[in-house]
$ cat protein_5.csv   # CSV, C-alpha atoms and all ligand atoms
chain,number,residue,atom,x,y,z
A,1,MET,CA,0.4,0.8,-9.2
A,2,SER,CA,3.4,-0.1,-7.0
A,3,TYR,CA,3.3,-0.4,-3.3
A,4,ILE,CA,2.6,3.0,-1.5
A,5,PRO,CA,4.2,3.1,2.0
A,6,TYR,CA,2.7,5.0,4.9
A,7,GLY,CA,5.8,7.2,5.0
A,8,LYS,CA,9.3,7.6,3.6
A,9,GLN,CA,12.2,9.9,3.0
A,10,SER,CA,12.6,12.5,0.2
A,11,ILE,CA,16.3,12.6,-1.0
A,12,SER,CA,17.5,14.9,-3.7
A,13,GLN,CA,20.8,15.3,-5.6
A,14,SER,CA,21.8,18.1,-3.3
A,15,ASP,CA,21.4,15.8,-0.3
A,16,ILE,CA,23.6,13.2,-2.0
A,17,ASP,CA,26.2,15.9,-2.9
A,18,GLU,CA,26.5,17.1,0.7
A,19,VAL,CA,27.0,13.5,2.0
A,20,VAL,CA,29.6,12.8,-0.7
A,21,LYS,CA,31.5,16.0,0.4
A,22,VAL,CA,31.8,14.6,3.9
A,23,LEU,CA,33.0,11.2,2.6
A,24,GLN,CA,35.7,13.0,0.7
A,25,SER,CA,36.7,15.2,3.7
A,26,GLU,CA,39.0,14.7,6.6
A,27,TYR,CA,36.3,13.8,9.2
A,28,LEU,CA,33.6,11.2,9.0
A,29,THR,CA,32.7,11.9,12.6
A,30,GLN,CA,33.4,14.5,15.2
A,31,GLY,CA,34.0,17.0,12.5
A,32,PRO,CA,32.4,20.3,11.5
A,33,ALA,CA,29.1,19.0,10.1
A,34,ILE,CA,27.6,18.3,13.5
A,35,ALA,CA,27.8,21.9,14.7
A,36,GLN,CA,26.5,23.1,11.3
A,37,PHE,CA,23.4,20.8,11.6
A,38,GLU,CA,22.9,21.8,15.3
A,39,ASP,CA,23.2,25.5,14.4
A,40,ALA,CA,20.6,25.1,11.5
A,41,VAL,CA,18.1,23.5,13.8
A,42,SER,CA,18.6,25.8,16.8
A,43,ARG,CA,18.3,28.9,14.6
A,44,TYR,CA,15.2,27.5,12.9
A,45,CYS,CA,13.6,26.8,16.3
A,46,GLY,CA,14.8,29.8,18.1
A,47,ALA,CA,16.4,27.8,20.9
A,48,LYS,CA,19.7,28.6,22.4
A,49,TYR,CA,21.3,25.2,22.4
A,50,ALA,CA,21.1,22.0,20.2
A,51,VAL,CA,22.8,18.6,20.8
A,52,ALA,CA,22.8,16.1,17.9
A,53,VAL,CA,22.6,12.5,19.0
A,54,SER,CA,22.4,9.1,17.4
A,55,SER,CA,18.6,8.8,17.7
A,56,ALA,CA,15.7,10.5,19.4
A,57,THR,CA,15.6,7.5,21.8
A,58,ALA,CA,19.2,8.3,22.9
A,59,GLY,CA,18.1,12.0,23.1
A,60,LEU,CA,15.2,11.1,25.4
A,61,HIS,CA,17.5,9.0,27.6
A,62,ILE,CA,20.1,11.6,28.2
A,63,SER,CA,17.5,14.3,28.5
A,64,CYS,CA,16.1,12.4,31.4
A,65,LEU,CA,19.5,11.9,32.9
A,66,SER,CA,20.3,15.6,32.5
A,67,LEU,CA,17.3,16.4,34.7
A,68,GLY,CA,18.5,14.0,37.3
A,69,LEU,CA,15.8,11.4,36.8
A,70,SER,CA,16.8,8.2,38.7
A,71,HIS,CA,15.7,5.4,41.0
A,72,GLY,CA,12.6,6.2,43.0
A,73,ASP,CA,11.5,8.9,40.6
A,74,LEU,CA,8.5,8.9,38.4
A,75,LEU,CA,8.0,9.9,34.7
A,76,TRP,CA,4.7,10.3,33.0
A,77,THR,CA,3.9,10.1,29.3
A,78,VAL,CA,1.0,9.0,27.1
A,79,PRO,CA,0.1,5.5,26.0
A,80,ASN,CA,-0.5,6.8,22.4
A,81,THR,CA,3.2,6.9,21.5
A,82,PHE,CA,6.2,4.9,20.4
A,83,VAL,CA,7.7,2.8,23.2
A,84,ALA,CA,10.8,5.1,23.4
A,85,SER,CA,8.8,7.8,25.2
A,86,ALA,CA,8.3,5.5,28.2
A,87,ASN,CA,11.5,3.3,28.0
A,88,CYS,CA,13.7,6.3,28.6
A,89,ALA,CA,12.5,6.5,32.2
A,90,LEU,CA,13.3,2.8,32.8
A,91,TYR,CA,16.8,3.3,31.4
A,92,CYS,CA,17.4,5.7,34.3
A,93,GLY,CA,15.9,3.3,36.9
A,94,ALA,CA,12.8,5.5,37.3
A,95,ASP,CA,9.2,4.3,37.1
A,96,VAL,CA,6.7,5.1,34.4
A,97,ASP,CA,3.0,5.9,34.5
A,98,PHE,CA,0.7,7.2,31.8
A,99,VAL,CA,-1.9,9.9,31.3
A,100,ASP,CA,-4.7,9.2,28.8
A,101,ILE,CA,-5.2,11.2,25.6
A,102,ASP,CA,-7.8,13.7,24.4
A,103,PRO,CA,-10.2,12.0,22.0
A,104,LYS,CA,-10.1,14.9,19.5
A,105,THR,CA,-6.3,15.7,19.2
A,106,TYR,CA,-5.0,12.3,20.4
A,107,ASN,CA,-2.5,14.3,22.4
A,108,ILE,CA,-2.3,14.3,26.2
A,109,SER,CA,-5.6,15.2,27.8
A,110,ILE,CA,-5.2,18.3,30.0
A,111,SER,CA,-8.2,17.4,32.1
A,112,SER,CA,-6.8,13.8,32.8
A,113,LEU,CA,-3.4,15.3,33.6
A,114,LYS,CA,-5.0,17.7,36.1
A,115,LYS,CA,-7.0,15.0,37.8
A,116,LYS,CA,-4.0,12.7,38.0
A,117,LEU,CA,-1.8,15.4,39.4
A,118,GLU,CA,-4.3,16.3,42.1
A,119,ALA,CA,-4.5,12.6,43.1
A,120,ALA,CA,-0.7,12.2,42.9
A,121,GLU,CA,-0.2,15.2,45.2
A,122,ILE,CA,-2.4,13.6,47.8
A,123,SER,CA,-0.6,10.3,47.6
A,124,GLY,CA,2.8,11.9,47.5
A,125,ARG,CA,3.7,10.4,44.1
A,126,LEU,CA,4.1,13.4,41.8
A,127,PRO,CA,6.1,12.8,38.6
A,128,LYS,CA,9.6,14.4,38.3
A,129,VAL,CA,9.3,14.5,34.5
A,130,LEU,CA,6.4,14.7,32.1
A,131,ILE,CA,6.9,13.8,28.4
A,132,PRO,CA,4.1,15.2,26.2
A,133,VAL,CA,4.1,13.7,22.7
A,134,HIS,CA,3.1,15.9,19.7
A,135,PHE,CA,1.1,13.3,17.9
A,136,ALA,CA,1.3,13.5,14.1
A,137,GLY,CA,3.2,16.7,14.6
A,138,GLN,CA,0.4,18.7,16.3
A,139,SER,CA,1.7,20.4,19.4
A,140,CYS,CA,0.2,19.6,22.7
A,141,ASP,CA,-1.4,22.4,24.8
A,142,MET,CA,2.0,23.5,26.1
A,143,GLU,CA,0.8,26.6,27.8
A,144,ALA,CA,-1.5,24.6,30.0
A,145,ILE,CA,1.2,21.9,30.6
A,146,ASN,CA,3.7,24.6,31.5
A,147,GLU,CA,1.2,26.2,34.0
A,148,LEU,CA,0.8,22.8,35.7
A,149,SER,CA,4.5,22.2,35.8
A,150,LYS,CA,4.9,25.4,37.8
A,151,GLN,CA,2.1,24.4,40.2
A,152,TYR,CA,3.3,20.8,40.7
A,153,GLY,CA,7.1,21.2,40.1
A,154,PHE,CA,7.8,18.7,37.4
A,155,PHE,CA,10.2,19.1,34.4
A,156,ILE,CA,8.9,18.9,30.8
A,157,ILE,CA,10.6,17.1,27.9
A,158,GLU,CA,8.7,17.4,24.6
A,159,ASP,CA,8.8,14.3,22.5
A,160,ALA,CA,8.7,16.1,19.2
A,161,ALA,CA,9.8,13.2,17.1
A,162,HIS,CA,6.9,14.0,14.7
A,163,ALA,CA,7.0,17.7,15.0
A,164,ILE,CA,10.0,19.4,13.5
A,165,GLY,CA,8.6,22.2,11.3
A,166,SER,CA,5.5,22.5,13.4
A,167,SER,CA,4.5,25.6,15.3
A,168,TYR,CA,2.4,26.4,18.4
A,169,GLU,CA,1.2,29.9,19.3
A,170,ASN,CA,3.2,31.1,16.3
A,171,HIS,CA,6.5,29.8,17.7
A,172,PRO,CA,8.3,26.8,16.2
A,173,VAL,CA,8.1,23.6,18.2
A,174,GLY,CA,11.6,23.4,19.5
A,175,SER,CA,11.7,26.9,20.9
A,176,CYS,CA,11.6,25.5,24.4
A,177,LEU,CA,9.4,28.4,25.5
A,178,TRP,CA,7.2,26.1,27.5
A,179,SER,CA,9.5,23.2,28.4
A,180,ASP,CA,13.0,22.3,29.6
A,181,LEU,CA,14.0,20.2,26.6
A,182,VAL,CA,12.6,19.2,23.2
A,183,VAL,CA,13.7,16.1,21.3
A,184,PHE,CA,13.4,15.6,17.5
A,185,SER,CA,13.9,12.3,15.5
A,186,PHE,CA,15.4,12.1,12.0
A,187,HIS,CA,14.4,8.5,11.2
A,188,PRO,CA,13.6,8.3,7.5
A,189,VAL,CA,9.8,8.2,8.1
A,190,LYS,CA,9.9,11.4,10.0
A,191,ILE,CA,9.7,15.0,8.6
A,192,ILE,CA,13.4,15.3,7.7
A,193,THR,CA,16.0,12.6,8.0
A,194,SER,CA,19.7,12.0,8.7
A,195,GLY,CA,19.3,8.2,8.2
A,196,GLU,CA,19.2,7.6,11.9
A,197,GLY,CA,19.6,10.5,14.3
A,198,GLY,CA,18.0,12.9,16.8
A,199,MET,CA,18.5,16.3,18.3
A,200,ILE,CA,17.8,17.8,21.7
A,201,LEU,CA,17.1,21.5,22.1
A,202,THR,CA,17.2,23.6,25.3
A,203,ASN,CA,17.6,27.1,26.5
A,204,ARG,CA,19.3,26.0,29.7
A,205,GLN,CA,23.0,26.2,29.7
A,206,ASP,CA,23.4,23.8,32.6
A,207,LEU,CA,21.4,21.1,30.8
A,208,TYR,CA,23.3,21.7,27.6
A,209,GLU,CA,26.7,21.2,29.3
A,210,LYS,CA,25.5,18.0,30.8
A,211,LEU,CA,24.1,16.7,27.5
A,212,ILE,CA,27.3,17.4,25.7
A,213,ARG,CA,29.1,15.1,28.2
A,214,LEU,CA,26.5,12.5,28.4
A,215,ARG,CA,26.5,11.8,24.6
A,216,THR,CA,30.2,11.1,24.8
A,217,HIS,CA,30.9,8.8,27.7
A,218,GLY,CA,30.6,11.5,30.4
A,219,ILE,CA,34.0,12.9,29.2
A,220,THR,CA,35.0,16.5,29.2
A,221,ARG,CA,37.9,18.2,27.5
A,222,SER,CA,37.2,21.6,29.0
A,223,GLU,CA,39.4,22.6,31.9
A,224,GLU,CA,36.6,24.6,33.5
A,225,PHE,CA,34.7,21.4,34.3
A,226,MET,CA,37.7,19.3,35.4
A,227,THR,CA,38.3,18.5,39.1
A,228,CYS,CA,42.0,19.6,38.8
A,229,GLN,CA,44.3,21.4,36.3
A,230,SER,CA,44.6,19.7,32.9
A,231,GLU,CA,47.7,17.4,32.8
A,232,GLY,CA,48.4,18.4,29.2
A,233,PRO,CA,46.9,18.8,25.7
A,234,TRP,CA,46.0,15.1,25.6
A,235,TYR,CA,44.1,15.2,28.9
A,236,TYR,CA,40.4,14.6,29.4
A,237,GLN,CA,38.4,13.5,32.4
A,238,GLN,CA,35.4,11.2,32.7
A,239,LEU,CA,33.1,13.0,35.2
A,240,GLU,CA,30.1,10.8,35.2
A,241,LEU,CA,28.7,7.7,33.4
A,242,GLY,CA,27.8,8.7,29.9
A,243,TYR,CA,27.2,6.9,26.6
A,244,HIS,CA,28.3,6.8,23.0
A,245,TYR,CA,25.3,8.5,21.5
A,246,ARG,CA,27.1,10.6,18.9
A,247,MET,CA,25.8,11.3,15.3
A,248,THR,CA,28.3,11.0,12.5
A,249,ASP,CA,29.2,13.8,10.2
A,250,ILE,CA,27.8,11.8,7.3
A,251,GLN,CA,24.4,11.8,9.0
A,252,ALA,CA,24.7,15.5,10.0
A,253,ALA,CA,25.5,16.6,6.5
A,254,LEU,CA,22.3,14.8,5.3
A,255,GLY,CA,20.3,16.4,8.1
A,256,ALA,CA,21.6,19.9,7.5
A,257,SER,CA,20.9,19.5,3.8
A,258,GLN,CA,17.3,18.3,4.6
A,259,MET,CA,16.8,21.3,6.9
A,260,SER,CA,17.0,23.6,3.9
A,261,LYS,CA,13.9,21.9,2.6
A,262,LEU,CA,12.0,21.6,5.8
A,263,ASP,CA,9.4,24.3,5.1
A,264,LEU,CA,8.9,22.9,1.6
A,265,PHE,CA,8.3,19.4,3.0
A,266,VAL,CA,5.8,20.7,5.5
A,267,SER,CA,3.9,22.7,2.9
A,268,LYS,CA,3.7,19.7,0.6
A,269,ARG,CA,2.3,17.6,3.5
A,270,HIS,CA,-0.3,20.4,4.2
A,271,ASP,CA,-1.4,20.3,0.6
A,272,LEU,CA,-1.8,16.5,0.8
A,273,VAL,CA,-3.7,16.7,4.1
A,274,ALA,CA,-6.1,19.3,2.7
A,275,ARG,CA,-6.7,17.0,-0.3
A,276,TYR,CA,-7.3,14.0,1.9
A,277,ASN,CA,-9.7,16.0,4.2
A,278,GLU,CA,-11.7,17.1,1.2
A,279,LYS,CA,-11.8,13.8,-0.6
A,280,LEU,CA,-12.6,11.8,2.6
A,281,LYS,CA,-15.2,14.2,4.0
A,282,ASP,CA,-18.2,11.9,3.3
A,283,PHE,CA,-16.4,8.7,4.2
A,284,PRO,CA,-17.5,6.9,7.4
A,285,LEU,CA,-14.4,8.1,9.3
A,286,GLU,CA,-13.1,11.1,11.2
A,287,THR,CA,-10.3,13.0,9.6
A,288,PRO,CA,-7.6,14.7,11.8
A,289,TYR,CA,-8.7,17.6,13.9
A,290,CYS,CA,-6.4,20.6,14.2
A,291,GLU,CA,-6.4,23.1,17.0
A,292,GLU,CA,-6.4,26.8,15.9
A,293,ASN,CA,-3.2,27.7,17.7
A,294,THR,CA,-1.2,24.9,16.1
A,295,HIS,CA,0.4,24.5,12.7
A,296,PRO,CA,1.3,20.8,12.6
A,297,SER,CA,4.0,19.3,10.4
A,298,TRP,CA,1.6,16.4,9.7
A,299,HIS,CA,4.0,13.5,10.2
A,300,LEU,CA,1.0,11.1,10.1
A,301,TYR,CA,-2.4,11.2,8.5
A,302,VAL,CA,-4.5,9.1,10.8
A,303,VAL,CA,-8.2,8.5,10.2
A,304,LYS,CA,-10.6,7.1,12.9
A,305,LEU,CA,-13.3,4.7,11.6
A,306,LYS,CA,-16.9,5.5,12.6
A,307,THR,CA,-17.4,2.0,13.7
A,308,ASP,CA,-21.2,2.3,13.9
A,309,LEU,CA,-21.2,3.2,10.2
A,310,VAL,CA,-18.7,0.6,9.0
A,311,SER,CA,-19.6,-3.1,8.7
A,312,LEU,CA,-16.1,-4.5,8.4
A,313,PRO,CA,-13.8,-4.7,11.4
A,314,ARG,CA,-10.7,-2.5,11.3
A,315,LYS,CA,-8.5,-5.5,10.9
A,316,GLU,CA,-10.3,-6.6,7.7
A,317,ILE,CA,-10.2,-3.1,6.3
A,318,PHE,CA,-6.5,-2.9,7.1
A,319,THR,CA,-5.8,-6.2,5.5
A,320,ARG,CA,-7.7,-5.4,2.3
A,321,LEU,CA,-5.8,-2.0,1.9
A,322,ARG,CA,-2.5,-3.8,2.4
A,323,LEU,CA,-3.4,-6.4,-0.2
A,324,ALA,CA,-4.3,-3.6,-2.6
A,325,GLY,CA,-0.8,-2.2,-2.2
A,326,ILE,CA,-1.7,0.6,0.2
A,327,GLY,CA,0.9,0.7,3.0
A,328,VAL,CA,-1.4,1.6,5.8
A,329,ASN,CA,-0.2,1.4,9.4
A,330,VAL,CA,-1.5,1.8,12.9
A,331,HIS,CA,-0.3,4.4,15.4
A,332,TYR,CA,-0.1,3.4,18.2
A,333,ILE,CA,-0.4,0.2,20.0
A,334,PRO,CA,-0.9,1.7,23.5
A,335,VAL,CA,2.5,1.3,25.3
A,336,HIS,CA,1.0,0.0,28.5
A,337,LEU,CA,-0.5,-3.0,26.6
A,338,HIS,CA,2.8,-4.4,25.4
A,339,PRO,CA,3.7,-7.6,27.4
A,340,PHE,CA,6.7,-5.8,29.0
A,341,TYR,CA,4.5,-3.2,30.5
A,342,ARG,CA,1.7,-5.6,31.3
A,343,ASN,CA,4.3,-7.4,33.4
A,344,MET,CA,4.6,-4.2,35.4
A,345,GLY,CA,0.9,-4.3,36.3
A,346,PHE,CA,-0.7,-2.3,33.5
A,347,LYS,CA,-3.8,-3.8,31.9
A,348,ASP,CA,-6.7,-3.4,29.5
A,349,GLY,CA,-9.0,-0.6,30.5
A,350,ASP,CA,-6.3,1.5,32.3
A,351,PHE,CA,-6.4,4.2,29.6
A,352,PRO,CA,-9.7,3.9,27.7
A,353,GLU,CA,-9.3,6.8,25.2
A,354,SER,CA,-5.9,5.5,24.0
A,355,GLU,CA,-7.3,2.0,23.7
A,356,SER,CA,-10.4,3.1,21.9
A,357,PHE,CA,-8.3,5.2,19.4
A,358,TYR,CA,-6.0,2.3,18.9
A,359,GLY,CA,-9.0,0.0,18.0
A,360,LYS,CA,-10.4,2.4,15.3
A,361,SER,CA,-7.5,4.1,13.7
A,362,ILE,CA,-5.7,3.6,10.4
A,363,THR,CA,-2.7,5.6,9.2
A,364,LEU,CA,-2.9,6.4,5.5
A,365,PRO,CA,0.2,7.1,3.3
A,366,LEU,CA,1.6,10.6,3.7
A,367,TYR,CA,5.0,11.9,2.8
A,368,SER,CA,6.3,14.9,0.9
A,369,ASP,CA,7.0,12.9,-2.3
A,370,LEU,CA,3.6,11.3,-2.4
A,371,SER,CA,2.0,12.3,-5.7
A,372,PHE,CA,-1.6,13.5,-6.1
A,373,GLN,CA,-2.0,10.5,-8.4
A,374,GLN,CA,-0.8,8.0,-5.7
A,375,GLN,CA,-3.0,9.8,-3.2
A,376,ASP,CA,-6.0,9.5,-5.5
A,377,GLU,CA,-5.3,5.7,-5.7
A,378,VAL,CA,-5.3,5.5,-1.9
A,379,VAL,CA,-8.7,7.3,-1.8
A,380,LYS,CA,-10.1,5.1,-4.6
A,381,VAL,CA,-9.0,1.8,-2.9
A,382,LEU,CA,-10.3,3.0,0.5
A,383,GLU,CA,-13.7,3.9,-1.0
A,384,ALA,CA,-14.0,0.5,-2.5
A,385,VAL,CA,-13.0,-1.2,0.7
A,386,LEU,CA,-15.5,0.8,2.8
A,387,SER,CA,-18.4,0.5,0.5
B,401,LIG,C1,10.2,7.7,16.1
B,401,LIG,C2,9.8,8.1,17.5
B,401,LIG,C3,10.7,8.0,18.5
B,401,LIG,C4,12.1,7.4,18.4
B,401,LIG,O1,12.9,8.0,17.4
B,401,LIG,P1,14.3,7.3,17.0
B,401,LIG,O2,15.0,8.4,16.3
B,401,LIG,O3,13.9,6.2,16.1
B,401,LIG,O4,14.9,6.9,18.2
B,401,LIG,C5,10.3,8.5,19.8
B,401,LIG,N1,9.1,9.0,20.0
B,401,LIG,C6,8.2,9.0,19.0
B,401,LIG,C7,6.8,9.6,19.3
B,401,LIG,C8,8.5,8.6,17.7
B,401,LIG,O5,7.6,8.6,16.7
$ encode --input "protein_5.csv" --output "structure tokens" --more "lines below"
Ligand SMILES: *Cc1c(COP(=O)(O)O)cnc(C)c1O
Amino acid sequence: MSYIPYGKQSISQSDIDEVVKVLQSEYLTQGPAIAQFEDAVSRYCGAKYAVAVSSATAGLHISCLSLGLSHGDLLWTVPNTFVASANCALYCGADVDFVDIDPKTYNISISSLKKKLEAAEISGRLPKVLIPVHFAGQSCDMEAINELSKQYGFFIIEDAAHAIGSSYENHPVGSCLWSDLVVFSFHPVKIITSGEGGMILTNRQDLYEKLIRLRTHGITRSEEFMTCQSEGPWYYQQLELGYHYRMTDIQAALGASQMSKLDLFVSKRHDLVARYNEKLKDFPLETPYCEENTHPSWHLYVVKLKTDLVSLPRKEIFTRLRLAGIGVNVHYIPVHLHPFYRNMGFKDGDFPESESFYGKSITLPLYSDLSFQQQDEVVKVLEAVLS
């Protein structure tokens, strides 16, 4: 069997045709494909506004800026995420702190969040922004987080890089019903891809107007936002410091084409997850737990070793799987334990649940084109390694 990666894109002839159409058209960038992709995603999610950007990282950055995050402010996220969820605060000159995860869902722990907010209120260091991360595509408890945001007055940006196609309380993740902004990623390992790319969703018109400017240098071409009358049809004004975070039409065409297959991709992932759960139920590991009010997209299939029942260390199990051609991975190295964050004062033991999860978890291959035969091979190799 050839190497089975932990995740990868699914590209069909119709995707290729849509990209070729753009290549043969007038506009490779700043053309009509961007708005078509944005409309497809905002309609799917039931959000008013969508802003396509060059990556989810760019999306997180300008989302923070749109909320006014800056020097002296504080952003909280979880350690069990990709570094981008925390770095976006530092891009804005703000400080970062973390809230530990729940040991069942691996998402933000609501009880830890409550305790930390109570302490922060007393010390006068409440966060301005909270970024909950929908790990593996399973939504966080957004109702509880939303309640706390009203009580303590912080903004919410959902890091939904894993979660397009997921739902929570029967609403698509991206509806922005419980948050200010939601950010998706379209990197090839995620649920749908545009090569590289991201999208921000919001129901707030003020944030939308700011985001549109921030993704293109802080420039406006609409007279209603200008400080004076337009000087002519060529005229534009830079109103604030923005960035070049645009997506190309080539990418947007791929993204829009992939959107038409989103539900199919998610249902294939669900079939594969159900098969894994069944085949691994007697293995010395914990399979993913799913809350009743969530329907995850299952970006990742992460198992947690029952270390008291397994003789080999995780590293050895991981290495043997890789040697056998199984492209396992680990999600995530706790952000606060990277040297860059240790230099800010974070250390081992700060967030024990995230650290414990990191020490025991292995991400098995899962993507919509993974065949049952390949999946059976993963299970067979894993069984041999664990026995
Ligand atoms: C992939 C990912 C990102 C970053 O997405 P890009 O589109 O690569 O910038 C951010 N957060 C999480 C949780 C991710 O998995």
$ closest_residue --input "protein_5.csv" --among "A:Arg322, A:His331, A:Arg275, A:Lys281" --to "Val302 of chain A" --atoms "only C-alpha atoms"
A:His331
$ closest_residue --input "protein_5.csv" --among "A:Tyr358, A:Trp76, A:Tyr243, A:Phe186" --to "ligand LIG 401 (chain B)" --atoms "all atoms listed in the file"
A:Phe186
$ residues_near_ligand --input "protein_5.csv" --ligand "ligand LIG 401 (chain B)" --cutoff "6 Å" --atoms "only C-alpha atoms and all ligand atoms" --output "PyMOL selection string"
chain A and resi 55-57+81-82+84-85+133+159+161-162+185-187+197-198
$ closest_residue --input "protein_5.csv" --among "A:Val51, A:Val385, A:Cys45, A:Cys290" --to "His270 of chain A" --atoms "all atoms listed in the file"
A:Cys290
$ closest_residue --input "protein_5.csv" --among "A:Thr294, A:Gln258, A:Thr363, A:Thr319" --to "Ile191 of chain A" --atoms "only C-alpha atoms"
A:Gln258
$ closest_residue --input "protein_5.csv" --among "A:Ala120, A:Val173, A:Cys140, A:Ile145" --to "Lys104 of chain A" --atoms "only C-alpha atoms"
A:Cys140
$ residues_around --input "protein_5.csv" --residues "Ile192 of chain A" --least-positions-apart "6" --cutoff "9 Å" --atoms "only C-alpha atoms" --output "list in words"
Gln9, Ser10, Ile164, Ser185, Phe186, Gly255, Gln258, Met259, Lys261, Leu262 and Phe265 of chain A
$ atom_distance --input "protein_5.csv" --atom1 "atom CA of Met344 of chain A" --atom2 "atom CA of Leu214 of chain A"
28.4 Å
$ closest_residue --input "protein_5.csv" --among "A:Leu323, A:Ile333, A:Ala274, A:Cys92" --to "Gly72 of chain A" --atoms "all atoms listed in the file"
A:Cys92
$ atom_distance --input "protein_5.csv" --atom1 "atom CA of Pro352 of chain A" --atom2 "atom CA of Pro313 of chain A"
18.9 Å
$ atom_distance --input "protein_5.csv" --atom1 "atom CA of Arg125 of chain A" --atom2 "atom CA of Cys88 of chain A"
18.9 Å
$ residues_around --input "protein_5.csv" --residues "Gly165 of chain A" --least-positions-apart "4" --cutoff "7 Å" --atoms "only C-alpha atoms" --output "list in words"
Pro172, Leu262, Asp263, Val266 and Ser297 of chain A
$ residues_around --input "protein_5.csv" --residues "Leu207 of chain A" --least-positions-apart "5" --cutoff "12 Å" --atoms "all atoms listed in the file" --output "PyMOL selection string"
chain A and resi 48-51+62-68+155+157+180-182+200-202+212-214
$ residues_around --input "protein_5.csv" --residues "Leu285 of chain A" --least-positions-apart "3" --cutoff "10 Å" --atoms "all atoms listed in the file" --output "ChimeraX atom specification"
/A:280-282,288,303-307,309-310,360-362,386
$ residues_around --input "protein_5.csv" --residues "segment 21-27 of chain A" --least-positions-apart "2" --cutoff "10 Å" --atoms "only C-alpha atoms" --output "number ranges by chain"
A: 16-19, 29-33, 248-254
$ build_atoms --input "protein_5.csv" --residues "segment 46-50 of chain A" --atoms "all heavy atoms" --output "JSON list (two decimals), keeping the file's coordinate frame"
[["chain", "number", "residue", "atom", "x", "y", "z"],
["A", 46, "GLY", "N", 14.66, 28.74, 17.20],
["A", 46, "GLY", "CA", 14.80, 29.80, 18.10],
["A", 46, "GLY", "C", 15.17, 29.38, 19.54],
["A", 46, "GLY", "O", 14.83, 30.03, 20.53],
["A", 47, "ALA", "N", 15.86, 28.24, 19.62],
["A", 47, "ALA", "CA", 16.40, 27.80, 20.90],
["A", 47, "ALA", "C", 17.84, 28.09, 21.03],
["A", 47, "ALA", "O", 18.53, 28.20, 20.02],
["A", 47, "ALA", "CB", 16.14, 26.27, 21.07],
["A", 48, "LYS", "N", 18.33, 28.23, 22.26],
["A", 48, "LYS", "CA", 19.70, 28.60, 22.40],
["A", 48, "LYS", "C", 20.69, 27.48, 22.08],
["A", 48, "LYS", "O", 21.72, 27.72, 21.46],
["A", 48, "LYS", "CB", 19.98, 29.01, 23.90],
["A", 48, "LYS", "CG", 19.59, 30.43, 24.22],
["A", 48, "LYS", "CD", 20.24, 30.90, 25.52],
["A", 48, "LYS", "CE", 19.70, 32.25, 25.91],
["A", 48, "LYS", "NZ", 19.36, 32.33, 27.33],
["A", 49, "TYR", "N", 20.37, 26.26, 22.49],
["A", 49, "TYR", "CA", 21.30, 25.20, 22.40],
["A", 49, "TYR", "C", 20.70, 23.97, 21.66],
["A", 49, "TYR", "O", 19.52, 23.68, 21.85],
["A", 49, "TYR", "CB", 21.81, 24.69, 23.74],
["A", 49, "TYR", "CG", 22.36, 25.80, 24.60],
["A", 49, "TYR", "CD1", 21.60, 26.33, 25.64],
["A", 49, "TYR", "CD2", 23.63, 26.32, 24.37],
["A", 49, "TYR", "CE1", 22.10, 27.35, 26.44],
["A", 49, "TYR", "CE2", 24.14, 27.35, 25.16],
["A", 49, "TYR", "CZ", 23.36, 27.86, 26.19],
["A", 49, "TYR", "OH", 23.85, 28.87, 26.98],
["A", 50, "ALA", "N", 21.54, 23.26, 20.87],
["A", 50, "ALA", "CA", 21.10, 22.00, 20.20],
["A", 50, "ALA", "C", 22.21, 20.99, 20.37],
["A", 50, "ALA", "O", 23.39, 21.32, 20.25],
["A", 50, "ALA", "CB", 20.80, 22.27, 18.76]]
